[in-house]
>>> print(open('structure24.cif').read())   # mmCIF, C-alpha atoms
data_start
#
loop_
_atom_site.label_atom_id
_atom_site.label_comp_id
_atom_site.auth_asym_id
_atom_site.auth_seq_id
_atom_site.Cartn_x
_atom_site.Cartn_y
_atom_site.Cartn_z
CA MET A 280 0.00 0.00 0.00
CA ILE A 281 2.87 2.32 0.76
CA GLY A 282 5.21 2.63 -2.21
CA ASP A 283 8.36 0.59 -1.77
CA PHE A 284 11.70 2.09 -0.81
CA GLU A 285 15.11 1.07 0.35
CA TYR A 286 15.34 1.42 4.11
CA PHE A 287 18.18 2.58 6.34
CA ALA A 288 18.29 3.01 10.10
CA PRO A 289 21.41 5.03 10.95
CA LYS A 290 22.43 5.19 14.60
CA THR A 291 24.16 8.59 14.51
CA VAL A 292 23.62 12.02 12.94
CA ASP A 293 26.83 11.60 10.93
CA GLU A 294 25.61 8.33 9.44
CA ALA A 295 22.27 9.92 8.58
CA ILE A 296 23.94 12.88 6.88
CA ALA A 297 26.27 10.56 4.95
CA LEU A 298 23.19 8.74 3.61
CA LEU A 299 21.47 12.03 2.76
CA SER A 300 24.56 13.18 0.87
CA LYS A 301 24.88 9.88 -0.96
CA TYR A 302 21.26 9.83 -2.12
CA LYS A 303 20.88 13.59 -2.52
CA GLY A 304 17.32 14.53 -3.33
CA GLU A 305 16.20 10.91 -3.65
CA ALA A 306 16.00 10.21 0.08
CA LYS A 307 13.49 11.18 2.74
CA ILE A 308 13.93 11.13 6.47
CA ILE A 309 11.32 9.51 8.68
CA ALA A 310 11.23 10.15 12.43
CA GLY A 311 8.01 9.12 14.20
CA GLY A 312 6.22 9.19 10.86
CA GLN A 313 2.93 10.27 12.43
CA SER A 314 2.32 12.78 9.64
CA MET A 315 4.54 11.27 6.96
CA LEU A 316 3.03 7.78 6.91
CA VAL A 317 -0.40 9.33 6.47
CA VAL A 318 0.67 11.12 3.28
CA MET A 319 2.63 8.05 2.11
CA LYS A 320 -0.43 5.83 2.57
CA ARG A 321 -2.45 8.22 0.43
CA GLY A 322 0.17 7.99 -2.29
CA LEU A 323 0.98 11.70 -2.00
CA LEU A 324 4.60 10.97 -1.15
CA THR A 325 6.93 8.29 -2.42
CA THR A 326 10.65 8.01 -1.96
CA GLU A 327 13.45 5.84 -3.31
CA TYR A 328 15.33 5.79 -0.02
CA LEU A 329 13.90 6.10 3.45
CA ILE A 330 16.24 7.08 6.27
CA ASP A 331 14.71 6.18 9.61
CA ILE A 332 16.27 8.38 12.29
CA LYS A 333 13.88 7.43 15.11
CA GLY A 334 16.63 5.28 16.63
CA ILE A 335 19.22 8.09 16.99
CA ALA A 336 19.09 8.22 20.77
CA ALA A 337 21.47 11.20 20.97
CA LEU A 338 18.71 13.48 19.60
CA ASP A 339 16.26 12.67 22.37
CA TYR A 340 16.79 15.19 25.17
CA ILE A 341 15.40 18.20 27.01
CA LYS A 342 17.99 20.49 28.60
CA TYR A 343 17.50 23.76 30.38
CA ASP A 344 19.83 26.46 31.57
CA GLU A 345 18.59 29.92 32.55
CA GLY A 346 21.17 31.70 30.42
CA GLU A 347 21.17 29.33 27.46
CA GLY A 348 17.44 28.66 27.53
CA LEU A 349 15.79 25.42 26.52
CA ARG A 350 17.31 22.87 24.14
CA ILE A 351 15.09 20.11 22.80
CA GLY A 352 16.56 17.30 20.72
CA ALA A 353 14.73 16.90 17.42
CA LEU A 354 13.70 13.32 18.23
CA THR A 355 12.07 14.14 21.55
CA ILE A 356 8.53 12.80 21.49
CA HIS A 357 5.60 15.17 22.01
CA ARG A 358 4.53 13.37 25.17
CA ALA A 359 7.95 13.98 26.77
CA ILE A 360 7.62 17.71 26.11
CA GLU A 361 4.07 17.73 27.47
CA LYS A 362 5.11 15.95 30.67
CA SER A 363 8.55 17.54 31.24
CA PRO A 364 8.64 19.25 34.66
CA ILE A 365 11.28 21.70 33.34
CA ILE A 366 9.03 22.70 30.45
CA GLN A 367 5.93 22.86 32.64
CA LYS A 368 7.80 25.19 34.99
CA HIS A 369 9.62 27.49 32.58
CA PHE A 370 7.81 27.12 29.21
CA ARG A 371 4.32 26.04 30.16
CA VAL A 372 2.86 27.20 26.84
CA LEU A 373 4.79 24.39 25.13
CA SER A 374 3.29 21.81 27.45
CA GLU A 375 -0.18 23.32 26.96
CA MET A 376 0.28 23.23 23.19
CA GLU A 377 1.22 19.55 23.35
CA GLN A 378 -1.86 18.67 25.41
CA ASN A 379 -4.01 19.49 22.39
CA LEU A 380 -1.69 18.01 19.77
CA ALA A 381 -3.47 14.95 18.36
CA THR A 382 -3.89 12.00 20.74
CA ILE A 383 -1.71 10.28 23.33
CA GLN A 384 -0.87 7.54 20.83
CA THR A 385 0.46 10.10 18.37
CA ARG A 386 2.32 12.02 21.07
CA ASN A 387 3.89 8.78 22.30
CA TRP A 388 5.61 8.12 18.98
CA GLY A 389 5.67 11.39 17.03
CA THR A 390 8.60 13.77 17.49
CA ILE A 391 8.81 17.55 17.71
CA GLY A 392 11.40 17.61 14.92
CA GLY A 393 9.30 15.45 12.64
CA ASN A 394 6.34 17.74 13.16
CA LEU A 395 8.37 20.85 12.25
CA CYS A 396 9.97 19.24 9.19
CA HIS A 397 6.58 18.11 7.90
CA GLY A 398 5.90 21.82 7.39
CA ASP A 399 2.14 21.77 7.79
CA PRO A 400 0.90 25.36 8.34
CA ALA A 401 -1.87 23.89 10.52
CA GLY A 402 0.72 22.30 12.83
CA ASP A 403 0.71 23.40 16.46
CA PRO A 404 4.38 23.60 17.53
CA ALA A 405 5.73 26.07 14.95
CA PRO A 406 3.49 29.06 15.84
CA VAL A 407 4.23 28.66 19.55
CA LEU A 408 7.95 28.33 18.88
CA ILE A 409 7.86 31.44 16.67
CA ALA A 410 6.06 33.33 19.45
CA LEU A 411 8.86 32.13 21.75
CA ASN A 412 11.47 33.42 19.27
CA ALA A 413 12.96 29.94 18.94
CA LYS A 414 15.70 28.79 16.59
CA LEU A 415 16.54 25.50 14.92
CA LYS A 416 19.88 23.80 14.56
CA LEU A 417 20.32 22.08 11.21
CA ALA A 418 23.17 19.69 10.48
CA GLY A 419 24.42 18.89 6.99
CA SER A 420 27.52 17.68 5.19
CA GLY A 421 28.90 21.23 5.33
CA GLY A 422 28.47 21.52 9.11
CA GLU A 423 25.80 23.08 11.29
CA ARG A 424 23.75 26.22 10.90
CA ILE A 425 21.12 27.98 12.98
CA ILE A 426 17.87 29.28 11.50
CA GLU A 427 14.90 31.06 13.07
CA VAL A 428 11.79 28.86 13.27
CA GLU A 429 10.05 31.74 11.50
CA GLU A 430 12.34 31.31 8.48
CA PHE A 431 12.02 27.52 8.37
CA SER A 432 8.64 27.04 6.67
CA LYS A 433 8.67 27.89 2.97
CA ASP A 434 5.30 26.72 1.66
CA TYR A 435 2.74 23.96 2.25
CA LEU A 436 4.78 20.96 3.44
CA GLU A 437 8.03 22.63 2.39
CA VAL A 438 10.81 23.66 4.74
CA ALA A 439 14.23 25.24 4.38
CA LEU A 440 16.24 22.03 4.59
CA GLU A 441 18.88 21.40 1.94
CA PRO A 442 18.84 17.84 0.52
CA ASP A 443 21.78 16.86 2.74
CA GLU A 444 20.50 18.54 5.90
CA MET A 445 18.48 17.42 8.91
CA LEU A 446 17.03 19.16 11.94
CA THR A 447 18.86 18.25 15.13
CA GLU A 448 17.80 20.70 17.84
CA ILE A 449 15.17 23.24 18.82
CA GLN A 450 16.56 26.17 20.82
CA VAL A 451 14.18 28.28 22.87
CA PRO A 452 15.58 31.36 24.58
CA THR A 453 14.45 32.22 28.10
CA PRO A 454 11.71 34.83 27.61
CA LEU A 455 12.41 38.39 28.76
CA SER A 456 11.07 39.27 32.20
CA HIS A 457 7.39 40.31 32.34
CA THR A 458 6.54 38.19 29.31
CA GLY A 459 3.37 36.13 28.98
CA ILE A 460 2.77 33.58 26.24
CA ALA A 461 -0.35 31.61 25.40
CA CYS A 462 -1.86 29.65 22.54
CA GLU A 463 -5.42 28.80 21.60
CA LYS A 464 -6.89 26.90 18.69
CA LEU A 465 -10.34 26.10 17.38
CA MET A 466 -10.87 22.35 17.37
CA VAL A 467 -13.78 20.27 16.13
CA MET A 468 -12.72 17.63 18.66
CA LYS A 469 -9.96 17.89 21.26
CA GLY A 470 -6.67 17.08 19.59
CA ASP A 471 -7.77 17.94 16.07
CA MET A 472 -5.72 20.15 13.83
CA GLY A 473 -6.74 23.73 14.52
CA VAL A 474 -9.39 25.10 12.17
CA VAL A 475 -7.39 28.22 13.01
CA GLY A 476 -5.04 28.86 15.89
CA ALA A 477 -3.13 31.70 17.50
CA ALA A 478 0.00 31.93 19.64
CA VAL A 479 0.65 35.26 21.34
CA SER A 480 3.61 36.56 23.32
CA ILE A 481 3.37 39.87 25.17
CA THR A 482 6.23 41.59 27.00
CA LEU A 483 5.44 44.49 29.32
CA SER A 484 7.73 47.20 30.62
CA PRO A 485 7.92 46.75 34.41
CA LYS A 486 8.11 50.54 34.94
CA ASP A 487 4.95 51.73 33.24
CA GLY A 488 3.20 48.55 32.03
CA VAL A 489 3.58 49.57 28.38
CA CYS A 490 3.73 46.70 25.88
CA LYS A 491 7.40 46.52 24.86
CA ASP A 492 7.05 43.63 22.45
CA ALA A 493 4.30 41.48 21.01
CA ARG A 494 4.48 38.47 18.75
CA ILE A 495 1.30 37.08 17.20
CA VAL A 496 1.47 33.95 15.09
CA LEU A 497 -1.43 32.24 13.32
CA SER A 498 -1.79 28.62 12.30
CA ASN A 499 -3.76 27.39 9.31
CA CYS A 500 -4.09 30.94 7.97
CA ALA A 501 -1.56 30.86 5.12
CA SER A 502 0.82 28.42 3.42
CA VAL A 503 3.21 28.85 6.37
CA PRO A 504 2.78 29.78 10.06
CA LEU A 505 1.89 33.46 9.76
CA ARG A 506 3.31 36.34 11.82
CA ALA A 507 0.50 38.89 12.10
CA ARG A 508 2.83 41.87 12.16
CA GLY A 509 0.12 44.44 11.68
CA ALA A 510 -1.68 43.10 14.73
CA GLU A 511 1.55 43.19 16.72
CA LYS A 512 2.00 46.89 15.82
CA LYS A 513 -1.44 47.62 17.29
CA LEU A 514 -0.13 46.52 20.69
CA ILE A 515 3.50 47.61 20.85
CA GLY A 516 4.09 50.89 22.70
CA LYS A 517 0.65 50.98 24.33
CA VAL A 518 -0.81 50.25 27.72
CA LEU A 519 -2.95 47.26 26.80
CA ASN A 520 -6.64 46.92 27.45
CA ASP A 521 -9.35 44.65 26.10
CA SER A 522 -10.39 46.92 23.24
CA LEU A 523 -6.78 46.96 21.95
CA LEU A 524 -6.73 43.15 22.04
CA VAL A 525 -9.99 43.10 20.08
CA GLU A 526 -8.44 45.47 17.54
CA ALA A 527 -5.36 43.27 17.26
CA GLY A 528 -7.64 40.33 16.45
CA GLU A 529 -9.41 42.37 13.79
CA VAL A 530 -6.13 43.37 12.15
CA ALA A 531 -4.81 39.78 12.33
CA SER A 532 -7.98 38.64 10.61
CA THR A 533 -7.23 40.94 7.64
CA GLU A 534 -3.68 39.55 7.45
CA ALA A 535 -4.90 35.94 7.29
CA SER A 536 -5.66 34.19 4.03
CA PRO A 537 -6.96 30.90 5.38
CA PRO A 538 -7.73 27.79 3.38
CA VAL A 539 -11.25 26.55 2.67
CA ASP A 540 -12.30 23.03 3.57
CA VAL A 541 -15.06 21.01 5.19
CA HIS A 542 -14.26 22.59 8.58
CA GLY A 543 -14.90 26.13 7.47
CA SER A 544 -15.02 28.76 4.79
CA ALA A 545 -12.32 31.41 4.55
CA GLU A 546 -14.78 33.98 5.94
CA TYR A 547 -15.61 31.81 8.95
CA ARG A 548 -11.96 31.23 9.67
CA GLN A 549 -11.25 34.96 9.45
CA GLU A 550 -13.98 35.57 12.03
CA MET A 551 -12.47 32.88 14.23
CA VAL A 552 -9.01 34.49 13.95
CA LYS A 553 -10.48 37.54 15.70
CA VAL A 554 -11.82 35.38 18.51
CA PHE A 555 -8.75 33.23 19.00
CA VAL A 556 -6.20 36.05 18.79
CA ARG A 557 -8.16 37.91 21.43
CA ARG A 558 -8.39 34.83 23.65
CA ALA A 559 -4.71 34.00 23.38
CA ALA A 560 -3.73 37.65 23.82
CA THR A 561 -5.95 38.01 26.90
CA LYS A 562 -4.29 35.00 28.50
CA ALA A 563 -0.81 36.16 27.47
CA LEU A 564 -1.47 39.61 28.95
CA GLU A 565 -2.66 38.11 32.26
CA ARG A 566 0.47 36.01 32.39
CA ALA A 567 2.72 38.95 31.55
CA LYS A 568 1.17 40.96 34.38
CA ALA A 569 1.63 38.06 36.79
CA ALA A 570 5.22 37.34 35.67
CA MET B 84 17.80 -2.68 -2.50
CA LYS B 85 14.10 -2.00 -2.97
CA GLY B 86 11.88 -4.97 -2.24
CA GLU B 87 14.67 -6.64 -0.28
CA LEU B 88 13.59 -8.35 2.93
CA LYS B 89 15.07 -6.70 6.02
CA GLU B 90 15.85 -8.40 9.30
CA LEU B 91 13.71 -7.47 12.25
CA LYS B 92 14.17 -8.54 15.86
CA LEU B 93 11.59 -7.61 18.40
CA THR B 94 9.71 -9.01 21.37
CA VAL B 95 6.01 -9.64 20.87
CA ASN B 96 3.95 -10.47 23.94
CA GLY B 97 7.08 -11.51 25.80
CA LYS B 98 8.40 -13.78 23.05
CA PRO B 99 11.49 -12.84 21.07
CA CYS B 100 10.79 -12.86 17.32
CA GLU B 101 13.22 -12.80 14.42
CA LEU B 102 11.65 -12.15 11.06
CA LYS B 103 12.32 -10.82 7.61
CA VAL B 104 9.95 -8.15 6.35
CA LYS B 105 9.55 -5.80 3.43
CA ALA B 106 10.53 -2.28 4.47
CA ASN B 107 7.11 -0.82 3.63
CA THR B 108 5.29 -3.20 6.00
CA LEU B 109 3.30 -1.45 8.70
CA LEU B 110 3.49 -2.81 12.22
CA VAL B 111 -0.20 -3.72 12.12
CA GLU B 112 0.36 -5.68 8.90
CA LEU B 113 3.21 -7.57 10.53
CA LEU B 114 1.09 -8.39 13.58
CA ARG B 115 -2.03 -9.47 11.72
CA ASN B 116 -0.69 -10.96 8.48
CA GLU B 117 2.68 -12.41 9.45
CA LEU B 118 2.22 -13.23 13.14
CA LYS B 119 -1.53 -13.96 12.81
CA LEU B 120 -2.28 -11.85 15.87
CA THR B 121 -5.62 -10.68 14.60
CA GLY B 122 -6.88 -9.36 17.92
CA THR B 123 -5.45 -6.00 16.91
CA LYS B 124 -8.11 -4.44 14.69
CA VAL B 125 -7.81 -2.23 11.66
CA GLY B 126 -10.47 0.46 11.58
CA CYS B 127 -9.35 3.33 9.40
CA LEU B 128 -5.68 2.55 8.67
CA ASP B 129 -5.38 6.33 8.71
CA SER B 130 -4.31 7.16 12.24
CA ALA B 131 -7.76 8.35 13.18
CA CYS B 132 -9.68 5.61 15.03
CA GLY B 133 -7.25 4.00 17.47
CA ALA B 134 -8.59 0.43 16.94
CA CYS B 135 -5.05 -0.76 16.11
CA THR B 136 -3.53 0.58 19.35
CA VAL B 137 -0.79 -1.63 20.80
CA ASN B 138 1.83 -0.95 23.46
CA ILE B 139 5.41 -0.35 22.39
CA ASP B 140 7.78 -0.33 25.35
CA GLY B 141 4.71 0.16 27.54
CA LYS B 142 3.31 3.17 25.65
CA ALA B 143 0.09 3.26 23.65
CA VAL B 144 0.90 3.65 19.95
CA ARG B 145 -1.13 3.14 16.75
CA SER B 146 0.27 0.15 14.92
CA CYS B 147 -1.07 1.42 11.57
CA SER B 148 1.17 4.45 11.92
CA VAL B 149 4.49 2.78 12.64
CA LEU B 150 6.65 0.86 10.19
CA ALA B 151 7.28 -2.69 11.37
CA LEU B 152 11.03 -2.03 11.13
CA GLN B 153 10.66 0.88 13.56
CA ALA B 154 9.76 -1.65 16.25
CA ASN B 155 13.19 -3.26 15.88
CA GLY B 156 14.65 -3.98 19.32
CA ARG B 157 11.45 -2.97 21.08
CA LYS B 158 8.84 -4.73 23.16
CA VAL B 159 5.42 -4.88 21.54
CA THR B 160 2.35 -5.96 23.48
CA THR B 161 -0.92 -6.70 21.71
CA ILE B 162 -4.31 -7.66 23.10
CA GLU B 163 -3.22 -11.32 22.91
CA GLY B 164 -0.52 -10.59 25.48
CA VAL B 165 -2.75 -8.96 28.07
CA ALA B 166 -4.49 -11.91 29.75
CA ASP B 167 -2.50 -14.36 31.85
CA GLY B 168 -3.44 -17.63 30.15
CA ASP B 169 -7.17 -18.03 30.72
CA LYS B 170 -7.19 -15.45 33.47
CA LEU B 171 -8.33 -12.10 32.14
CA HIS B 172 -6.47 -8.94 33.03
CA PRO B 173 -8.39 -6.76 35.54
CA ILE B 174 -9.04 -4.25 32.74
CA GLN B 175 -10.61 -6.95 30.57
CA GLU B 176 -12.54 -8.34 33.53
CA ALA B 177 -13.96 -4.94 34.41
CA MET B 178 -14.93 -4.25 30.80
CA VAL B 179 -16.80 -7.56 30.59
CA GLU B 180 -18.39 -7.21 34.00
CA TYR B 181 -19.54 -3.62 33.63
CA GLY B 182 -20.83 -3.85 30.07
CA ALA B 183 -18.19 -1.72 28.41
CA ILE B 184 -18.08 -4.03 25.41
CA GLU B 185 -20.76 -3.52 22.82
CA CYS B 186 -19.81 -4.67 19.32
CA GLY B 187 -16.25 -5.14 20.58
CA PHE B 188 -14.39 -3.80 17.58
CA CYS B 189 -12.74 -0.93 19.43
CA THR B 190 -12.20 -2.98 22.59
CA PRO B 191 -8.66 -4.29 21.94
CA GLY B 192 -7.48 -0.74 21.31
CA MET B 193 -9.32 0.53 24.39
CA VAL B 194 -7.69 -2.16 26.54
CA MET B 195 -4.23 -1.28 25.23
CA SER B 196 -4.73 2.44 25.87
CA ALA B 197 -6.05 1.68 29.36
CA LYS B 198 -3.19 -0.70 30.12
CA ALA B 199 -0.55 1.86 29.16
CA LEU B 200 -2.34 4.45 31.29
CA LEU B 201 -2.65 2.30 34.41
CA GLU B 202 0.93 1.04 34.23
CA GLU B 203 2.19 4.61 34.18
CA ASN B 204 -0.43 6.09 36.47
CA PRO B 205 -2.20 3.64 38.83
CA SER B 206 -4.53 6.31 40.24
CA PRO B 207 -5.72 8.37 37.29
CA THR B 208 -8.35 11.06 37.62
CA ARG B 209 -11.46 10.77 35.47
CA GLU B 210 -10.02 13.44 33.21
CA GLU B 211 -6.84 11.39 32.75
CA VAL B 212 -8.88 8.28 31.90
CA ARG B 213 -10.89 10.28 29.36
CA GLU B 214 -7.70 11.66 27.87
CA ALA B 215 -6.14 8.18 27.65
CA ILE B 216 -8.97 6.88 25.44
CA GLN B 217 -9.54 10.14 23.60
CA GLY B 218 -7.78 8.60 20.59
CA ASN B 219 -9.94 5.46 20.57
CA LEU B 220 -13.18 5.90 18.72
CA CYS B 221 -16.21 3.79 19.69
CA ALA B 222 -18.93 3.74 17.06
CA ASP B 223 -21.41 2.55 19.69
CA GLU B 224 -20.77 5.67 21.79
CA GLY B 225 -19.91 3.42 24.70
CA TYR B 226 -17.43 5.78 26.27
CA VAL B 227 -18.98 6.17 29.70
CA LYS B 228 -18.96 2.43 30.41
CA TYR B 229 -15.35 2.23 29.25
CA ILE B 230 -14.38 5.06 31.56
CA GLU B 231 -16.17 3.44 34.50
CA ALA B 232 -14.64 0.04 33.76
CA ILE B 233 -11.12 1.51 33.61
CA GLU B 234 -11.67 3.25 36.95
CA ILE B 235 -12.89 0.00 38.51
CA ALA B 236 -9.91 -1.88 37.05
CA ALA B 237 -7.55 0.76 38.44
CA GLU B 238 -9.03 0.25 41.88
CA LYS B 239 -8.66 -3.53 41.63
CA MET B 240 -5.10 -3.24 40.40
CA ARG B 241 -4.23 -1.00 43.34
CA GLY B 242 -5.36 -3.86 45.58
CA GLY B 243 -8.73 -2.61 46.81
CA GLN B 244 -11.15 -5.32 45.70
#
>>> encode(input="structure24.cif", output="structure tokens")
Amino acid sequence: MIGDFEYFAPKTVDEAIALLSKYKGEAKIIAGGQSMLVVMKRGLLTTEYLIDIKGIAALDYIKYDEGEGLRIGALTIHRAIEKSPIIQKHFRVLSEMEQNLATIQTRNWGTIGGNLCHGDPAGDPAPVLIALNAKLKLAGSGGERIIEVEEFSKDYLEVALEPDEMLTEIQVPTPLSHTGIACEKLMVMKGDMGVVGAAVSITLSPKDGVCKDARIVLSNCASVPLRARGAEKKLIGKVLNDSLLVEAGEVASTEASPPVDVHGSAEYRQEMVKVFVRRAATKALERAKAA
Amino acid sequence: MKGELKELKLTVNGKPCELKVKANTLLVELLRNELKLTGTKVGCLDSACGACTVNIDGKAVRSCSVLALQANGRKVTTIEGVADGDKLHPIQEAMVEYGAIECGFCTPGMVMSAKALLEENPSPTREEVREAIQGNLCADEGYVKYIEAIEIAAEKMRGGQ
């Protein structure tokens, strides 16, 4: 049912990169495969060579240091992020995001890196990581490079990986003081892909409570996770109140160009962007004030 | 080479297995077609229904969404490995006793999700039980009885009869 391929299971990043270089452009990486096998079963993706990296134990870790921030190995499963006491304490929005990512079965096998590399604009982790100003470490035959999560998605199911590159680490800086971050998505059932979703980060000035920085990121509203920069501008430099958050939602809605499918028309989704940006922003603001 | 059979070593229901499989074989295909363990059901084959849930290294996973070769070196438990001979597992007993089983098609997956939950968390809250079977669809809408049966099984397994 799945098209046939030649299969490799490298045990190290170097071995995986050597295989990628050898079969340049003809090979695909599989991690947990929770998204990839679905598209392979539908015949939307075939590959000559499949490189299974799920067994590279060195890429399964969660490390935290106040100065360095959070480092998550690309092969860390979603469930480990959801349940990590370090993440629950210092980056609770990541744990909250994971609680609504698919089902326990998927979170038990699927990896954070696999999710990001699948490049689905409806995916949950990327918008939250962009709100957190996170970066990705990519490794290839020419060495390593760091890229902003925001720069990683290129189009539907396309990411900025060269044919001989793989994602190895997610790097999340410690948020500035007086920052609150929250995410919300519209689900038909708990765990579904968001019909639309919003991740919002708000940083307040401790002196006068003015919004120093805001990051608003939408899921399932474009071919990539979408920074709603116009909406962010509505908030930055102001003392925030509910009517400003409503306005930010309205502006974000005009920036969105959501897809149309059985779960909603473009117009419905644009209305829902207003609601979910406001909800996420309200929660982020409360958290920023409490921080 | 494409089409070449690859070696696979894993433990299924406590027994070590050495097999040769095609690389594009799904774990559920290995279990049902090669090992004839047909207790694991195929509902959607699309990672949506949870009927094919098994435990891999003690965690609930959908066997339609894992390549058989990805289970290399791991311990797989299916519904056939849950009872102790003729003696049903407390989860199975509770499901039978409290009427959780209707048509039974989703039951193996429900048992495997419940087993993974109770091994990790012997005293789950109702919300945690609901979450554990959130990914197991029951076409008979029998969720409440499943939830009650899992709670009763948890109590039994903790030693309070």
>>> resolve_selection(input="structure24.cif", expression="the PyMOL selection byres ((chain B and resi 137-148) around 8)", output="JSON, numbers by chain")
{"A": [312, 313, 316, 317, 383, 384, 385, 387, 388], "B": [109, 110, 111, 112, 123, 125, 128, 129, 130, 133, 134, 135, 136, 149, 150, 154, 157, 158, 159, 160, 161, 162, 192, 195, 196, 199, 202]}
>>> atom_distance(input="structure24.cif", atom1="atom CA of Lys85 of chain B", atom2="atom CA of Asn116 of chain B")
20.7 Å
>>> resolve_selection(input="structure24.cif", expression="the PyMOL selection byres ((chain B and resi 103) around 8)", output="mmCIF file with C-alpha atoms, in the frame of the given file")
data_model
loop_
_atom_site.group_PDB
_atom_site.id
_atom_site.type_symbol
_atom_site.label_atom_id
_atom_site.label_comp_id
_atom_site.auth_asym_id
_atom_site.auth_seq_id
_atom_site.Cartn_x
_atom_site.Cartn_y
_atom_site.Cartn_z
ATOM 1 C CA LEU B 88 13.590 -8.350 2.930
ATOM 2 C CA LYS B 89 15.070 -6.700 6.020
ATOM 3 C CA GLU B 90 15.850 -8.400 9.300
ATOM 4 C CA LEU B 91 13.710 -7.470 12.250
ATOM 5 C CA GLU B 101 13.220 -12.800 14.420
ATOM 6 C CA LEU B 102 11.650 -12.150 11.060
ATOM 7 C CA VAL B 104 9.950 -8.150 6.350
ATOM 8 C CA LYS B 105 9.550 -5.800 3.430
#
>>> resolve_selection(input="structure24.cif", expression="the PyMOL selection byres ((chain A and resi 560) around 12)", output="VMD selection string")
chain A and resid 410 458 to 463 476 to 482 490 493 to 496 510 to 511 514 519 to 528 531 552 to 559 561 to 567
>>> write_last_selection(input="structure24.cif", atoms="C-alpha atoms", output="PDB file, in the coordinates of the input")
ATOM      1  CA  ALA A 410       6.060  33.330  19.450  1.00  0.00           C
ATOM      2  CA  THR A 458       6.540  38.190  29.310  1.00  0.00           C
ATOM      3  CA  GLY A 459       3.370  36.130  28.980  1.00  0.00           C
ATOM      4  CA  ILE A 460       2.770  33.580  26.240  1.00  0.00           C
ATOM      5  CA  ALA A 461      -0.350  31.610  25.400  1.00  0.00           C
ATOM      6  CA  CYS A 462      -1.860  29.650  22.540  1.00  0.00           C
ATOM      7  CA  GLU A 463      -5.420  28.800  21.600  1.00  0.00           C
ATOM      8  CA  GLY A 476      -5.040  28.860  15.890  1.00  0.00           C
ATOM      9  CA  ALA A 477      -3.130  31.700  17.500  1.00  0.00           C
ATOM     10  CA  ALA A 478       0.000  31.930  19.640  1.00  0.00           C
ATOM     11  CA  VAL A 479       0.650  35.260  21.340  1.00  0.00           C
ATOM     12  CA  SER A 480       3.610  36.560  23.320  1.00  0.00           C
ATOM     13  CA  ILE A 481       3.370  39.870  25.170  1.00  0.00           C
ATOM     14  CA  THR A 482       6.230  41.590  27.000  1.00  0.00           C
ATOM     15  CA  CYS A 490       3.730  46.700  25.880  1.00  0.00           C
ATOM     16  CA  ALA A 493       4.300  41.480  21.010  1.00  0.00           C
ATOM     17  CA  ARG A 494       4.480  38.470  18.750  1.00  0.00           C
ATOM     18  CA  ILE A 495       1.300  37.080  17.200  1.00  0.00           C
ATOM     19  CA  VAL A 496       1.470  33.950  15.090  1.00  0.00           C
ATOM     20  CA  ALA A 510      -1.680  43.100  14.730  1.00  0.00           C
ATOM     21  CA  GLU A 511       1.550  43.190  16.720  1.00  0.00           C
ATOM     22  CA  LEU A 514      -0.130  46.520  20.690  1.00  0.00           C
ATOM     23  CA  LEU A 519      -2.950  47.260  26.800  1.00  0.00           C
ATOM     24  CA  ASN A 520      -6.640  46.920  27.450  1.00  0.00           C
ATOM     25  CA  ASP A 521      -9.350  44.650  26.100  1.00  0.00           C
ATOM     26  CA  SER A 522     -10.390  46.920  23.240  1.00  0.00           C
ATOM     27  CA  LEU A 523      -6.780  46.960  21.950  1.00  0.00           C
ATOM     28  CA  LEU A 524      -6.730  43.150  22.040  1.00  0.00           C
ATOM     29  CA  VAL A 525      -9.990  43.100  20.080  1.00  0.00           C
ATOM     30  CA  GLU A 526      -8.440  45.470  17.540  1.00  0.00           C
ATOM     31  CA  ALA A 527      -5.360  43.270  17.260  1.00  0.00           C
ATOM     32  CA  GLY A 528      -7.640  40.330  16.450  1.00  0.00           C
ATOM     33  CA  ALA A 531      -4.810  39.780  12.330  1.00  0.00           C
ATOM     34  CA  VAL A 552      -9.010  34.490  13.950  1.00  0.00           C
ATOM     35  CA  LYS A 553     -10.480  37.540  15.700  1.00  0.00           C
ATOM     36  CA  VAL A 554     -11.820  35.380  18.510  1.00  0.00           C
ATOM     37  CA  PHE A 555      -8.750  33.230  19.000  1.00  0.00           C
ATOM     38  CA  VAL A 556      -6.200  36.050  18.790  1.00  0.00           C
ATOM     39  CA  ARG A 557      -8.160  37.910  21.430  1.00  0.00           C
ATOM     40  CA  ARG A 558      -8.390  34.830  23.650  1.00  0.00           C
ATOM     41  CA  ALA A 559      -4.710  34.000  23.380  1.00  0.00           C
ATOM     42  CA  THR A 561      -5.950  38.010  26.900  1.00  0.00           C
ATOM     43  CA  LYS A 562      -4.290  35.000  28.500  1.00  0.00           C
ATOM     44  CA  ALA A 563      -0.810  36.160  27.470  1.00  0.00           C
ATOM     45  CA  LEU A 564      -1.470  39.610  28.950  1.00  0.00           C
ATOM     46  CA  GLU A 565      -2.660  38.110  32.260  1.00  0.00           C
ATOM     47  CA  ARG A 566       0.470  36.010  32.390  1.00  0.00           C
ATOM     48  CA  ALA A 567       2.720  38.950  31.550  1.00  0.00           C
TER      49      ALA A 567
END
>>> residues_around(input="structure24.cif", residues="Glu441 of chain A", least_positions_apart="5", cutoff="12 Å", atoms="only C-alpha atoms", output="number ranges by chain")
A: 296, 299-300, 303-304, 306-307, 396, 417-424, 431, 446
>>> closest_residue(input="structure24.cif", among="A:Pro404, A:Gly470, A:Pro504, A:Pro485", to="Glu437 of chain A", atoms="all atoms listed in the file")
A:Pro504
